[in-house]
file query-v1.csv (CSV, C-alpha atoms)
chain,number,residue,atom,x,y,z
A,16,VAL,CA,-5.4,-29.6,23.4
A,17,HIS,CA,-1.8,-30.4,24.0
A,18,GLY,CA,-1.0,-31.2,27.6
A,19,SER,CA,1.9,-32.9,29.5
A,20,ARG,CA,1.4,-36.1,27.6
A,21,PRO,CA,2.5,-36.8,24.0
A,22,ARG,CA,-1.1,-37.4,22.8
A,23,PRO,CA,-3.4,-34.3,22.9
A,24,TYR,CA,-6.5,-34.3,25.0
A,25,ARG,CA,-9.9,-34.1,23.5
A,26,VAL,CA,-11.9,-31.2,24.9
A,27,GLN,CA,-15.5,-30.2,24.3
A,28,VAL,CA,-17.5,-27.2,25.4
A,29,ARG,CA,-21.2,-27.5,25.0
A,30,VAL,CA,-23.4,-24.4,24.4
A,31,ARG,CA,-27.2,-24.4,24.2
A,32,THR,CA,-28.6,-23.7,20.8
A,33,LEU,CA,-31.5,-21.1,20.4
A,34,THR,CA,-35.0,-22.1,19.8
A,35,ASP,CA,-37.0,-21.0,16.7
A,36,ASP,CA,-38.8,-18.4,18.7
A,37,ASP,CA,-35.5,-17.0,19.9
A,38,TRP,CA,-34.2,-16.8,16.3
A,39,ASP,CA,-37.4,-15.0,15.2
A,40,ARG,CA,-36.9,-12.3,17.9
A,41,PHE,CA,-33.3,-11.9,17.0
A,42,LEU,CA,-34.0,-11.6,13.3
A,43,ASP,CA,-36.8,-9.1,13.9
A,44,ALA,CA,-34.4,-7.0,16.0
A,45,ALA,CA,-31.6,-7.1,13.4
A,46,ALA,CA,-33.9,-6.3,10.5
A,47,GLU,CA,-35.5,-3.4,12.4
A,48,ARG,CA,-32.5,-1.1,12.0
A,49,PRO,CA,-30.3,-1.1,8.8
A,50,GLY,CA,-27.3,-0.3,11.0
A,51,HIS,CA,-27.5,-3.7,12.6
A,52,ILE,CA,-27.1,-5.5,9.3
A,53,ALA,CA,-24.3,-3.2,8.2
A,54,ALA,CA,-22.5,-3.9,11.5
A,55,LEU,CA,-22.9,-7.7,11.1
A,56,LEU,CA,-21.4,-7.5,7.6
A,57,ASP,CA,-18.5,-5.6,9.1
A,58,LYS,CA,-18.0,-8.4,11.6
A,59,GLU,CA,-19.3,-6.4,14.6
A,60,MET,CA,-22.0,-7.1,17.1
A,61,PRO,CA,-23.8,-3.9,18.2
A,62,ARG,CA,-24.6,-3.7,21.9
A,63,SER,CA,-28.3,-2.9,21.1
A,64,LEU,CA,-28.5,-6.1,19.1
A,65,ALA,CA,-26.7,-8.2,21.7
A,66,ASP,CA,-29.3,-6.9,24.3
A,67,CYS,CA,-32.4,-7.6,22.1
A,68,GLY,CA,-33.9,-10.0,24.6
A,69,VAL,CA,-32.3,-13.1,23.3
A,70,GLU,CA,-29.5,-14.6,25.4
A,71,LEU,CA,-26.7,-14.7,22.8
A,72,LEU,CA,-23.7,-14.6,25.1
A,73,PRO,CA,-23.3,-17.7,27.3
A,74,GLY,CA,-24.1,-16.9,30.9
A,75,PRO,CA,-22.7,-18.3,34.2
A,76,GLY,CA,-23.0,-22.0,34.4
A,77,GLU,CA,-24.2,-22.4,30.8
A,78,LEU,CA,-20.9,-23.6,29.3
A,79,GLU,CA,-20.4,-27.3,29.9
A,80,PRO,CA,-16.8,-28.4,29.4
A,81,HIS,CA,-15.7,-32.0,29.1
A,82,CYS,CA,-12.0,-33.1,28.8
A,83,SER,CA,-10.4,-36.5,28.5
A,84,CYS,CA,-7.6,-35.5,30.9
A,85,PRO,CA,-7.4,-37.0,34.4
A,86,ASP,CA,-7.4,-33.6,36.1
A,87,PHE,CA,-10.1,-32.9,38.8
A,88,GLY,CA,-10.4,-29.2,38.1
A,89,HIS,CA,-13.7,-28.0,36.6
A,90,PRO,CA,-13.0,-26.6,34.2
A,91,CYS,CA,-9.5,-28.0,33.8
A,92,LYS,CA,-6.7,-26.0,32.3
A,93,HIS,CA,-7.3,-27.7,28.9
A,94,ALA,CA,-10.9,-26.7,28.8
A,95,ALA,CA,-10.0,-23.2,29.9
A,96,ALA,CA,-7.6,-22.9,27.0
A,97,LEU,CA,-10.3,-23.9,24.6
A,98,CYS,CA,-12.6,-21.3,26.2
A,99,TYR,CA,-10.0,-18.6,25.8
A,100,GLN,CA,-9.5,-19.6,22.1
A,101,THR,CA,-13.2,-19.5,21.5
A,102,ALA,CA,-13.5,-16.1,23.1
A,103,ARG,CA,-10.7,-14.8,20.7
A,104,LEU,CA,-12.7,-16.1,17.7
A,105,LEU,CA,-15.9,-14.5,19.0
A,106,ASP,CA,-14.1,-11.2,19.3
A,107,GLN,CA,-13.0,-11.4,15.6
A,108,ASP,CA,-16.3,-12.6,14.1
A,109,PRO,CA,-19.8,-12.4,15.7
A,110,PHE,CA,-21.1,-15.1,13.3
A,111,VAL,CA,-19.0,-17.6,15.2
A,112,LEU,CA,-21.2,-16.9,18.3
A,113,LEU,CA,-24.4,-17.2,16.1
A,114,LEU,CA,-23.0,-20.5,14.6
A,115,LEU,CA,-22.5,-21.8,18.1
A,116,ARG,CA,-26.1,-20.9,18.9
A,117,GLY,CA,-27.3,-23.0,15.9
A,118,ARG,CA,-27.3,-21.0,12.7
A,119,GLY,CA,-24.6,-20.2,10.2
A,120,GLU,CA,-23.7,-16.9,8.5
A,121,ARG,CA,-25.2,-17.6,5.1
A,122,GLU,CA,-28.5,-18.9,6.6
A,123,LEU,CA,-28.8,-15.8,8.8
A,124,LEU,CA,-28.0,-13.3,6.0
A,125,ASP,CA,-30.5,-14.9,3.7
A,126,ALA,CA,-33.1,-14.7,6.4
A,127,LEU,CA,-32.3,-11.1,7.2
A,128,SER,CA,-32.5,-10.2,3.5
A,129,ARG,CA,-36.0,-11.7,3.2
A,130,ARG,CA,-37.2,-10.0,6.4
A,131,SER,CA,-35.8,-6.6,5.2
A,132,ALA,CA,-37.5,-7.0,1.8
A,133,THR,CA,-40.8,-7.9,3.5
A,134,ARG,CA,-40.6,-4.9,5.8
A,135,ALA,CA,-39.8,-2.6,2.9
A,136,ALA,CA,-42.7,-3.9,0.8
A,137,ARG,CA,-45.1,-3.6,3.7
A,138,ALA,CA,-44.0,-0.1,4.5
A,139,ALA,CA,-44.4,0.9,0.8
A,140,GLN,CA,-48.0,-0.5,0.8
A,141,GLU,CA,-48.9,1.5,3.9
A,142,ARG,CA,-47.7,4.8,2.6
A,143,GLU,CA,-50.1,6.9,0.7
A,144,PRO,CA,-49.2,7.4,-3.0
A,145,GLU,CA,-47.5,10.8,-3.5
A,146,GLN,CA,-48.7,13.1,-6.1
A,147,PRO,CA,-45.9,13.9,-8.6
A,148,ALA,CA,-44.8,17.5,-8.3
A,149,GLY,CA,-45.5,19.4,-11.5
A,150,VAL,CA,-43.2,22.0,-13.1
A,151,ARG,CA,-44.4,24.6,-15.6
A,152,ALA,CA,-42.8,24.2,-19.0
A,153,GLY,CA,-42.0,27.9,-19.1
A,154,ASP,CA,-40.0,27.6,-15.9
A,155,VAL,CA,-38.0,24.7,-17.3
A,156,LEU,CA,-37.1,26.6,-20.6
A,157,ALA,CA,-36.5,30.0,-19.0
A,158,ARG,CA,-32.9,31.3,-18.9
A,159,ARG,CA,-31.4,31.5,-15.5
A,160,VAL,CA,-28.1,32.3,-13.9
A,161,LEU,CA,-26.4,29.3,-12.3
A,162,PRO,CA,-24.8,29.8,-8.9
A,163,PRO,CA,-21.0,29.9,-8.8
A,164,LEU,CA,-19.1,26.7,-8.2
A,165,PRO,CA,-18.0,26.1,-4.7
A,166,ALA,CA,-14.3,26.6,-3.9
A,167,PRO,CA,-12.3,23.4,-4.4
A,168,LEU,CA,-11.3,21.4,-1.4
A,169,PRO,CA,-7.6,21.6,-0.3
A,170,PRO,CA,-5.4,18.9,-1.8
A,171,PRO,CA,-4.1,16.2,0.5
A,172,ALA,CA,-0.6,16.5,1.8
A,173,HIS,CA,0.6,13.3,0.0
A,174,PRO,CA,-0.9,10.4,-1.9
A,175,GLU,CA,-2.3,7.6,0.2
A,176,GLN,CA,-1.0,4.0,0.2
A,177,PRO,CA,-3.3,1.7,-1.8
A,178,PRO,CA,-4.8,-1.3,-0.1
A,179,ALA,CA,-3.2,-4.7,-0.2
A,180,TYR,CA,-4.4,-6.9,-3.1
A,181,PRO,CA,-4.8,-10.6,-2.3
A,182,GLY,CA,-3.3,-13.0,-4.7
A,183,ALA,CA,-5.6,-15.6,-6.3
A,184,PRO,CA,-4.8,-18.5,-8.7
A,185,GLY,CA,-5.3,-17.3,-12.2
A,186,GLY,CA,-6.0,-13.7,-11.0
A,187,PRO,CA,-3.9,-10.5,-11.5
A,188,ASP,CA,-0.5,-10.2,-10.1
A,189,PRO,CA,-0.9,-8.4,-6.7
A,190,PHE,CA,2.6,-6.9,-7.0
A,191,ALA,CA,1.7,-5.4,-10.4
A,192,LEU,CA,-1.6,-4.1,-9.1
A,193,ASP,CA,0.1,-2.4,-6.2
A,194,GLN,CA,2.7,-0.9,-8.5
A,195,LEU,CA,0.0,0.5,-10.9
A,196,ALA,CA,-2.2,1.8,-8.0
A,197,THR,CA,0.8,3.5,-6.3
A,198,ASP,CA,1.9,5.1,-9.5
A,199,ALA,CA,-1.6,6.3,-10.4
A,200,ALA,CA,-2.0,7.8,-7.0
A,201,ALA,CA,1.3,9.7,-7.2
A,202,ARG,CA,0.4,11.0,-10.7
A,203,ALA,CA,-3.1,12.1,-9.6
A,204,HIS,CA,-1.6,13.9,-6.6
A,205,ALA,CA,0.9,15.8,-8.8
A,206,LEU,CA,-1.9,16.8,-11.2
A,207,LEU,CA,-4.1,18.0,-8.4
A,208,THR,CA,-1.4,20.0,-6.7
A,209,SER,CA,0.6,21.4,-9.7
A,210,GLY,CA,-1.7,20.9,-12.7
A,211,ARG,CA,1.1,19.1,-14.4
A,212,ASP,CA,1.6,15.4,-15.1
A,213,PRO,CA,5.3,14.5,-14.4
A,214,VAL,CA,5.1,11.4,-16.5
A,215,ALA,CA,3.4,12.7,-19.7
A,216,GLU,CA,6.6,13.9,-21.4
A,217,LEU,CA,8.8,10.9,-20.4
A,218,THR,CA,10.0,8.4,-22.9
A,219,LEU,CA,9.4,4.7,-22.4
A,220,TRP,CA,12.9,4.2,-21.1
A,221,GLN,CA,12.7,7.2,-18.7
A,222,ASP,CA,9.3,6.0,-17.4
A,223,ALA,CA,10.7,2.5,-16.8
A,224,VAL,CA,13.6,4.0,-14.8
A,225,ARG,CA,11.2,6.2,-12.8
A,226,ILE,CA,9.0,3.2,-11.9
A,227,ALA,CA,12.0,1.0,-10.9
A,228,ALA,CA,13.5,3.9,-8.8
A,229,ALA,CA,10.2,4.2,-6.9
A,230,ARG,CA,10.6,0.6,-5.7
A,231,PRO,CA,12.6,0.4,-2.4
A,232,GLY,CA,15.9,-1.5,-2.6
A,233,SER,CA,18.1,-2.3,-5.6
A,234,GLY,CA,16.8,-5.6,-6.8
A,235,LEU,CA,17.7,-7.6,-3.7
A,236,THR,CA,14.2,-9.1,-3.2
A,237,ALA,CA,12.6,-11.5,-5.6
A,238,ALA,CA,9.8,-9.1,-6.4
A,239,THR,CA,12.2,-6.2,-7.2
A,240,ARG,CA,14.4,-8.5,-9.3
A,241,ALA,CA,11.3,-9.6,-11.3
A,242,LEU,CA,10.3,-5.9,-11.8
A,243,TYR,CA,13.8,-5.0,-13.0
A,244,SER,CA,13.8,-7.9,-15.4
A,245,SER,CA,10.4,-7.1,-16.8
A,246,LEU,CA,11.1,-3.4,-17.3
A,247,ALA,CA,14.5,-4.1,-18.8
A,248,SER,CA,13.0,-6.6,-21.3
A,249,ALA,CA,10.2,-4.2,-22.3
A,250,THR,CA,12.7,-1.4,-23.0
A,251,GLY,CA,15.4,-3.5,-24.7
A,252,ARG,CA,18.0,-2.9,-22.0
A,253,THR,CA,19.7,-5.2,-19.5
A,254,PRO,CA,19.0,-5.3,-15.8
A,255,VAL,CA,22.4,-3.9,-15.1
A,256,GLU,CA,21.8,-0.9,-17.4
A,257,LEU,CA,18.5,-0.4,-15.6
A,258,ALA,CA,20.1,-0.6,-12.2
A,259,ARG,CA,22.7,2.0,-13.2
A,260,ALA,CA,20.0,4.3,-14.5
A,261,VAL,CA,18.0,3.9,-11.3
A,262,ALA,CA,21.0,4.9,-9.3
A,263,ALA,CA,21.3,8.1,-11.5
A,264,TRP,CA,17.5,8.8,-11.1
A,265,ARG,CA,17.8,8.5,-7.4
A,266,GLN,CA,20.7,10.9,-7.5
A,267,GLY,CA,18.8,13.7,-9.1
A,268,GLY,CA,15.8,12.6,-11.2
A,269,ILE,CA,15.6,13.0,-15.0
A,270,GLU,CA,18.4,15.6,-15.0
A,271,ALA,CA,20.8,13.1,-13.4
A,272,LEU,CA,19.7,10.4,-15.9
A,273,GLY,CA,20.6,12.8,-18.7
A,274,VAL,CA,24.0,13.3,-17.1
A,275,LEU,CA,24.5,9.5,-17.1
A,276,GLU,CA,23.5,9.0,-20.7
A,277,GLU,CA,24.7,12.2,-22.5
A,278,ALA,CA,28.1,13.7,-22.9
A,279,TRP,CA,28.1,17.3,-24.1
A,280,ASP,CA,30.5,20.2,-24.5
A,281,PRO,CA,29.9,22.8,-21.8
A,282,PRO,CA,30.6,26.5,-22.5
A,283,ALA,CA,33.6,28.2,-21.0
A,284,GLY,CA,33.2,29.3,-17.4
A,285,ARG,CA,32.0,26.9,-14.7
A,286,PHE,CA,33.7,23.9,-16.2
A,287,ASP,CA,37.0,25.7,-16.7
A,288,ARG,CA,37.0,26.9,-13.1
A,289,ALA,CA,36.5,23.4,-11.6
A,290,ARG,CA,40.0,22.1,-12.0
A,291,PRO,CA,41.7,25.0,-10.1
A,292,LEU,CA,39.1,24.6,-7.3
A,293,LEU,CA,39.9,20.9,-7.1
A,294,MET,CA,43.7,21.5,-7.0
A,295,ALA,CA,43.1,24.2,-4.3
A,296,ALA,CA,41.5,21.5,-2.2
A,297,ASP,CA,44.7,19.4,-2.4
A,298,LEU,CA,43.2,17.1,-5.1
A,299,PRO,CA,45.3,16.0,-8.2
A,300,ALA,CA,44.7,17.4,-11.7
A,301,PHE,CA,41.6,15.8,-13.0
A,302,ARG,CA,41.6,14.9,-16.8
A,303,PRO,CA,39.0,16.8,-18.8
A,304,TRP,CA,36.9,15.3,-21.5
A,305,ARG,CA,33.8,17.1,-22.7
A,306,ASN,CA,31.7,17.6,-19.5
A,307,HIS,CA,33.7,15.0,-17.6
A,308,LEU,CA,36.6,15.5,-15.1
A,309,THR,CA,38.3,12.1,-14.3
A,310,HIS,CA,40.7,11.4,-11.4
A,311,PRO,CA,44.1,10.4,-12.7
A,312,HIS,CA,43.8,7.1,-10.9
A,313,GLY,CA,40.6,6.4,-12.8
A,314,HIS,CA,38.3,5.7,-9.8
A,315,ALA,CA,36.5,9.0,-9.3
A,316,GLN,CA,34.8,11.3,-11.8
A,317,LEU,CA,32.8,14.5,-11.9
A,318,ARG,CA,30.2,15.3,-14.6
A,319,LEU,CA,28.7,18.7,-15.1
A,320,GLY,CA,25.0,18.6,-15.8
A,321,ARG,CA,23.1,21.1,-18.0
A,322,ASP,CA,21.5,22.3,-14.8
A,323,GLY,CA,24.9,23.6,-13.6
A,324,LEU,CA,25.3,20.9,-10.9
A,325,TRP,CA,28.3,18.6,-10.5
A,326,TYR,CA,27.5,14.9,-10.3
A,327,ALA,CA,30.0,12.4,-8.7
A,328,TYR,CA,30.7,9.0,-10.2
A,329,GLU,CA,32.8,6.1,-9.0
A,330,SER,CA,34.4,3.1,-10.7
A,331,GLU,CA,36.9,0.4,-10.0
A,332,PRO,CA,40.3,1.7,-11.2
A,333,GLY,CA,40.9,0.8,-14.8
A,334,ARG,CA,37.5,-0.7,-15.5
A,335,ASP,CA,35.7,2.4,-16.9
A,336,ASP,CA,32.5,1.2,-15.1
A,337,TRP,CA,31.0,4.4,-13.8
A,338,TRP,CA,28.2,4.5,-11.3
A,339,PRO,CA,26.5,7.6,-9.8
A,340,ARG,CA,27.3,8.3,-6.2
A,341,GLY,CA,26.5,11.0,-3.7
A,342,THR,CA,24.4,14.1,-4.0
A,343,PRO,CA,24.7,16.8,-6.8
A,344,ASP,CA,26.4,20.0,-5.8
A,345,LEU,CA,27.2,23.4,-7.3
A,346,ASP,CA,30.7,23.0,-5.9
A,347,PRO,CA,32.8,20.3,-7.5
A,348,VAL,CA,34.7,19.7,-4.3
A,349,GLY,CA,31.3,19.4,-2.4
A,350,ALA,CA,30.1,16.8,-4.9
A,351,LEU,CA,33.2,14.6,-4.1
A,352,THR,CA,32.7,14.7,-0.3
A,353,GLU,CA,30.7,11.4,-0.2
A,354,LEU,CA,33.3,9.6,-2.2
A,355,GLY,CA,36.0,10.1,0.4
A,356,VAL,CA,38.3,12.6,2.0
A,357,PRO,CA,41.0,14.4,-0.2
A,358,ASP,CA,43.7,12.0,1.1
A,359,GLU,CA,41.7,9.0,-0.1
A,360,LEU,CA,41.0,10.6,-3.4

call {"tool": "encode", "arguments": {"input": "query-v1.csv", "output": "structure tokens"}}
result
Amino acid sequence: VHGSRPRPYRVQVRVRTLTDDDWDRFLDAAAERPGHIAALLDKEMPRSLADCGVELLPGPGELEPHCSCPDFGHPCKHAAALCYQTARLLDQDPFVLLLLRGRGERELLDALSRRSATRAARAAQEREPEQPAGVRAGDVLARRVLPPLPAPLPPPAHPEQPPAYPGAPGGPDPFALDQLATDAAARAHALLTSGRDPVAELTLWQDAVRIAAARPGSGLTAATRALYSSLASATGRTPVELARAVAAWRQGGIEALGVLEEAWDPPAGRFDRARPLLMAADLPAFRPWRNHLTHPHGHAQLRLGRDGLWYAYESEPGRDDWWPRGTPDLDPVGALTELGVPDEL
């Protein structure tokens, strides 16, 4: 224990170990109820087991602290610190207390297993053999109407988060396992609530974009960068192309991804009315090309999707490097609101 001097003090706290008779009484009490063994395996000490007649917890005056420090206190503050640390360990794992009393976890569990098996065998011998219940062959072969199935349980509000998977040398990648489990839970929840698998009709590229978009961030962490690199390599794309597609997916799902990757010729109507609406909002005349309307300065763009929504894009002037921005809107002016005020555009 570190004290006021550079060299730590050596502290010992002695606890009396249990006798063989004490251990026999404790094991008999633990094997008597299956709940005791289950609680011990869950790192819990039931009160009924702690009060089984064996003094497991140290009583007043039983702990004997010894410290190499020159303090006159009994116990000194270094011994008290060790006692507090021991108490914290006892709260976390009851087998620490049993180890202090003289027997380790593996030894106790083996002894409990043997006693439970012996009790079960003795109880089976004491029971009278039951006569097997006979069933008439005619009753088995007779036609009968089965009762209706019970009503299905209500689906959960949302898929649960999977548990954390520990990493092990040579074992599966915990990040990949978490990704697969999270994705499987989301697909199962969609099937349960809507009867439709949202992934079944996606292409390999679309599914890769969906998986990457479900990961928080934009490739800033090492794990996310590794995911982007792996998905881009598997689909024959670059990480930048995947990042741009993820931005589109987060803008509006598969419809927004189609707007990013496909230019088409919209029919007359909504597309033709967009330019007058933009000019009425004190915006300059956007240049039309297929389903695109581009700002004359070349830094803002609107794209009409097949769903009738306008999708805003942004680029450095003169670079033709368009990235999805903002939220789709039925109004072309509304789609541009997140890119800046009219004076900035």

call {"tool": "closest_residue", "arguments": {"input": "query-v1.csv", "among": "A:Ala136, A:Ala205, A:Val348, A:Ile269", "to": "Thr218 in chain A", "atoms": "only C-alpha atoms"}}
result
A:Ile269

call {"tool": "residues_around", "arguments": {"input": "query-v1.csv", "residues": "range 307-322 of chain A", "least_positions_apart": "6", "cutoff": "9 Å", "atoms": "all atoms listed in the file", "output": "VMD selection string"}}
result
chain A and resid 270 to 271 273 to 275 278 to 279 281 285 to 286 289 to 290 298 to 301 328 to 335 337 347 350 to 351 354 360

call {"tool": "residues_around", "arguments": {"input": "query-v1.csv", "residues": "Leu78 in chain A", "least_positions_apart": "6", "cutoff": "7 Å", "atoms": "all atoms listed in the file", "output": "PyMOL selection string"}}
result
chain A and resi 28-30

call {"tool": "closest_residue", "arguments": {"input": "query-v1.csv", "among": "A:Arg265, A:Lys58, A:Ala283, A:Pro291", "to": "Gly341 in chain A", "atoms": "all atoms listed in the file"}}
result
A:Arg265

call {"tool": "residues_around", "arguments": {"input": "query-v1.csv", "residues": "His17 in chain A", "least_positions_apart": "6", "cutoff": "8 Å", "atoms": "all atoms listed in the file", "output": "ChimeraX atom specification"}}
result
/A:23-24,93

call {"tool": "closest_atom_pairs", "arguments": {"input": "query-v1.csv", "of": "range 151-237 of chain A", "to": "range 248-257 of chain A", "cutoff": "12 Å", "atoms": "only C-alpha atoms", "output": "JSON lines"}}
result
{"residue": "A:Thr218", "atom": "CA", "partner": "A:Thr250", "partner_atom": "CA", "distance": 10.2}
{"residue": "A:Leu219", "atom": "CA", "partner": "A:Thr250", "partner_atom": "CA", "distance": 7.0}
{"residue": "A:Trp220", "atom": "CA", "partner": "A:Thr250", "partner_atom": "CA", "distance": 5.9}
{"residue": "A:Gln221", "atom": "CA", "partner": "A:Thr250", "partner_atom": "CA", "distance": 9.6}
{"residue": "A:Asp222", "atom": "CA", "partner": "A:Thr250", "partner_atom": "CA", "distance": 9.9}
{"residue": "A:Ala223", "atom": "CA", "partner": "A:Thr250", "partner_atom": "CA", "distance": 7.6}
{"residue": "A:Val224", "atom": "CA", "partner": "A:Leu257", "partner_atom": "CA", "distance": 6.6}
{"residue": "A:Arg225", "atom": "CA", "partner": "A:Leu257", "partner_atom": "CA", "distance": 10.2}
{"residue": "A:Ile226", "atom": "CA", "partner": "A:Leu257", "partner_atom": "CA", "distance": 10.8}
{"residue": "A:Ala227", "atom": "CA", "partner": "A:Leu257", "partner_atom": "CA", "distance": 8.1}
{"residue": "A:Ala228", "atom": "CA", "partner": "A:Leu257", "partner_atom": "CA", "distance": 9.5}
{"residue": "A:Ser233", "atom": "CA", "partner": "A:Leu257", "partner_atom": "CA", "distance": 10.2}
{"residue": "A:Gly234", "atom": "CA", "partner": "A:Pro254", "partner_atom": "CA", "distance": 9.3}

call {"tool": "decode", "arguments": {"input": "query-v1.csv", "residues": "range 27-103 of chain A", "atoms": "C-alpha atoms", "output": "PDB file, in the first residue's frame"}}
result
ATOM      1  CA  GLN A  27      -1.409  -8.397   5.564  1.00  0.00           C
ATOM      2  CA  VAL A  28      -4.884  -9.166   6.857  1.00  0.00           C
ATOM      3  CA  ARG A  29      -5.257 -12.683   8.247  1.00  0.00           C
ATOM      4  CA  VAL A  30      -8.605 -14.540   8.109  1.00  0.00           C
ATOM      5  CA  ARG A  31      -9.298 -17.887   9.746  1.00  0.00           C
ATOM      6  CA  THR A  32      -9.903 -20.745   7.268  1.00  0.00           C
ATOM      7  CA  LEU A  33     -12.870 -23.084   7.741  1.00  0.00           C
ATOM      8  CA  THR A  34     -12.529 -26.610   9.006  1.00  0.00           C
ATOM      9  CA  ASP A  35     -13.562 -29.679   7.005  1.00  0.00           C
ATOM     10  CA  ASP A  36     -16.743 -29.959   9.078  1.00  0.00           C
ATOM     11  CA  ASP A  37     -17.616 -26.343   8.276  1.00  0.00           C
ATOM     12  CA  TRP A  38     -17.111 -27.006   4.574  1.00  0.00           C
ATOM     13  CA  ASP A  39     -19.318 -30.106   4.743  1.00  0.00           C
ATOM     14  CA  ARG A  40     -22.142 -28.069   6.297  1.00  0.00           C
ATOM     15  CA  PHE A  41     -21.724 -25.315   3.725  1.00  0.00           C
ATOM     16  CA  LEU A  42     -21.706 -27.723   0.755  1.00  0.00           C
ATOM     17  CA  ASP A  43     -24.760 -29.579   2.090  1.00  0.00           C
ATOM     18  CA  ALA A  44     -26.648 -26.281   2.394  1.00  0.00           C
ATOM     19  CA  ALA A  45     -25.588 -25.159  -1.104  1.00  0.00           C
ATOM     20  CA  ALA A  46     -26.497 -28.487  -2.756  1.00  0.00           C
ATOM     21  CA  GLU A  47     -29.855 -28.637  -0.979  1.00  0.00           C
ATOM     22  CA  ARG A  48     -31.412 -25.959  -3.214  1.00  0.00           C
ATOM     23  CA  PRO A  49     -30.648 -25.610  -6.954  1.00  0.00           C
ATOM     24  CA  GLY A  50     -31.094 -21.857  -6.629  1.00  0.00           C
ATOM     25  CA  HIS A  51     -28.002 -21.654  -4.425  1.00  0.00           C
ATOM     26  CA  ILE A  52     -25.760 -23.132  -7.114  1.00  0.00           C
ATOM     27  CA  ALA A  53     -27.303 -20.902  -9.792  1.00  0.00           C
ATOM     28  CA  ALA A  54     -26.725 -17.828  -7.621  1.00  0.00           C
ATOM     29  CA  LEU A  55     -23.085 -18.746  -7.021  1.00  0.00           C
ATOM     30  CA  LEU A  56     -22.549 -19.197 -10.770  1.00  0.00           C
ATOM     31  CA  ASP A  57     -24.006 -15.687 -11.224  1.00  0.00           C
ATOM     32  CA  LYS A  58     -21.455 -14.347  -8.716  1.00  0.00           C
ATOM     33  CA  GLU A  59     -24.076 -13.800  -6.001  1.00  0.00           C
ATOM     34  CA  MET A  60     -24.219 -15.007  -2.392  1.00  0.00           C
ATOM     35  CA  PRO A  61     -27.833 -15.691  -1.280  1.00  0.00           C
ATOM     36  CA  ARG A  62     -28.639 -14.575   2.258  1.00  0.00           C
ATOM     37  CA  SER A  63     -30.022 -18.021   3.082  1.00  0.00           C
ATOM     38  CA  LEU A  64     -26.679 -19.577   2.122  1.00  0.00           C
ATOM     39  CA  ALA A  65     -24.664 -16.967   4.019  1.00  0.00           C
ATOM     40  CA  ASP A  66     -26.768 -17.790   7.140  1.00  0.00           C
ATOM     41  CA  CYS A  67     -26.452 -21.581   6.829  1.00  0.00           C
ATOM     42  CA  GLY A  68     -24.730 -21.964  10.201  1.00  0.00           C
ATOM     43  CA  VAL A  69     -21.189 -21.536   8.909  1.00  0.00           C
ATOM     44  CA  GLU A  70     -19.478 -18.239   9.733  1.00  0.00           C
ATOM     45  CA  LEU A  71     -18.491 -17.120   6.247  1.00  0.00           C
ATOM     46  CA  LEU A  72     -18.298 -13.380   6.819  1.00  0.00           C
ATOM     47  CA  PRO A  73     -15.540 -12.236   9.189  1.00  0.00           C
ATOM     48  CA  GLY A  74     -16.915 -11.122  12.540  1.00  0.00           C
ATOM     49  CA  PRO A  75     -15.708  -8.430  14.957  1.00  0.00           C
ATOM     50  CA  GLY A  76     -12.142  -9.044  16.060  1.00  0.00           C
ATOM     51  CA  GLU A  77     -11.583 -11.846  13.561  1.00  0.00           C
ATOM     52  CA  LEU A  78      -9.549  -9.863  11.020  1.00  0.00           C
ATOM     53  CA  GLU A  79      -5.905  -9.562  12.063  1.00  0.00           C
ATOM     54  CA  PRO A  80      -4.141  -6.741  10.190  1.00  0.00           C
ATOM     55  CA  HIS A  81      -0.364  -6.363  10.133  1.00  0.00           C
ATOM     56  CA  CYS A  82       1.460  -3.459   8.460  1.00  0.00           C
ATOM     57  CA  SER A  83       5.130  -2.551   8.113  1.00  0.00           C
ATOM     58  CA  CYS A  84       4.432   1.149   8.718  1.00  0.00           C
ATOM     59  CA  PRO A  85       5.419   2.872  12.015  1.00  0.00           C
ATOM     60  CA  ASP A  86       1.844   4.050  12.764  1.00  0.00           C
ATOM     61  CA  PHE A  87       0.400   3.167  16.181  1.00  0.00           C
ATOM     62  CA  GLY A  88      -3.200   2.904  14.973  1.00  0.00           C
ATOM     63  CA  HIS A  89      -4.811  -0.519  14.955  1.00  0.00           C
ATOM     64  CA  PRO A  90      -5.734  -0.919  12.248  1.00  0.00           C
ATOM     65  CA  CYS A  91      -3.615   1.731  10.579  1.00  0.00           C
ATOM     66  CA  LYS A  92      -4.861   3.592   7.520  1.00  0.00           C
ATOM     67  CA  HIS A  93      -2.888   1.263   5.214  1.00  0.00           C
ATOM     68  CA  ALA A  94      -4.545  -1.821   6.658  1.00  0.00           C
ATOM     69  CA  ALA A  95      -7.922  -0.081   6.463  1.00  0.00           C
ATOM     70  CA  ALA A  96      -7.315   0.638   2.784  1.00  0.00           C
ATOM     71  CA  LEU A  97      -6.582  -3.049   2.162  1.00  0.00           C
ATOM     72  CA  CYS A  98      -9.767  -4.007   4.041  1.00  0.00           C
ATOM     73  CA  TYR A  99     -11.834  -1.598   1.893  1.00  0.00           C
ATOM     74  CA  GLN A 100     -10.313  -3.062  -1.284  1.00  0.00           C
ATOM     75  CA  THR A 101     -11.025  -6.594  -0.042  1.00  0.00           C
ATOM     76  CA  ALA A 102     -14.641  -5.641   0.699  1.00  0.00           C
ATOM     77  CA  ARG A 103     -15.028  -4.322  -2.867  1.00  0.00           C
TER      78      ARG A 103
END
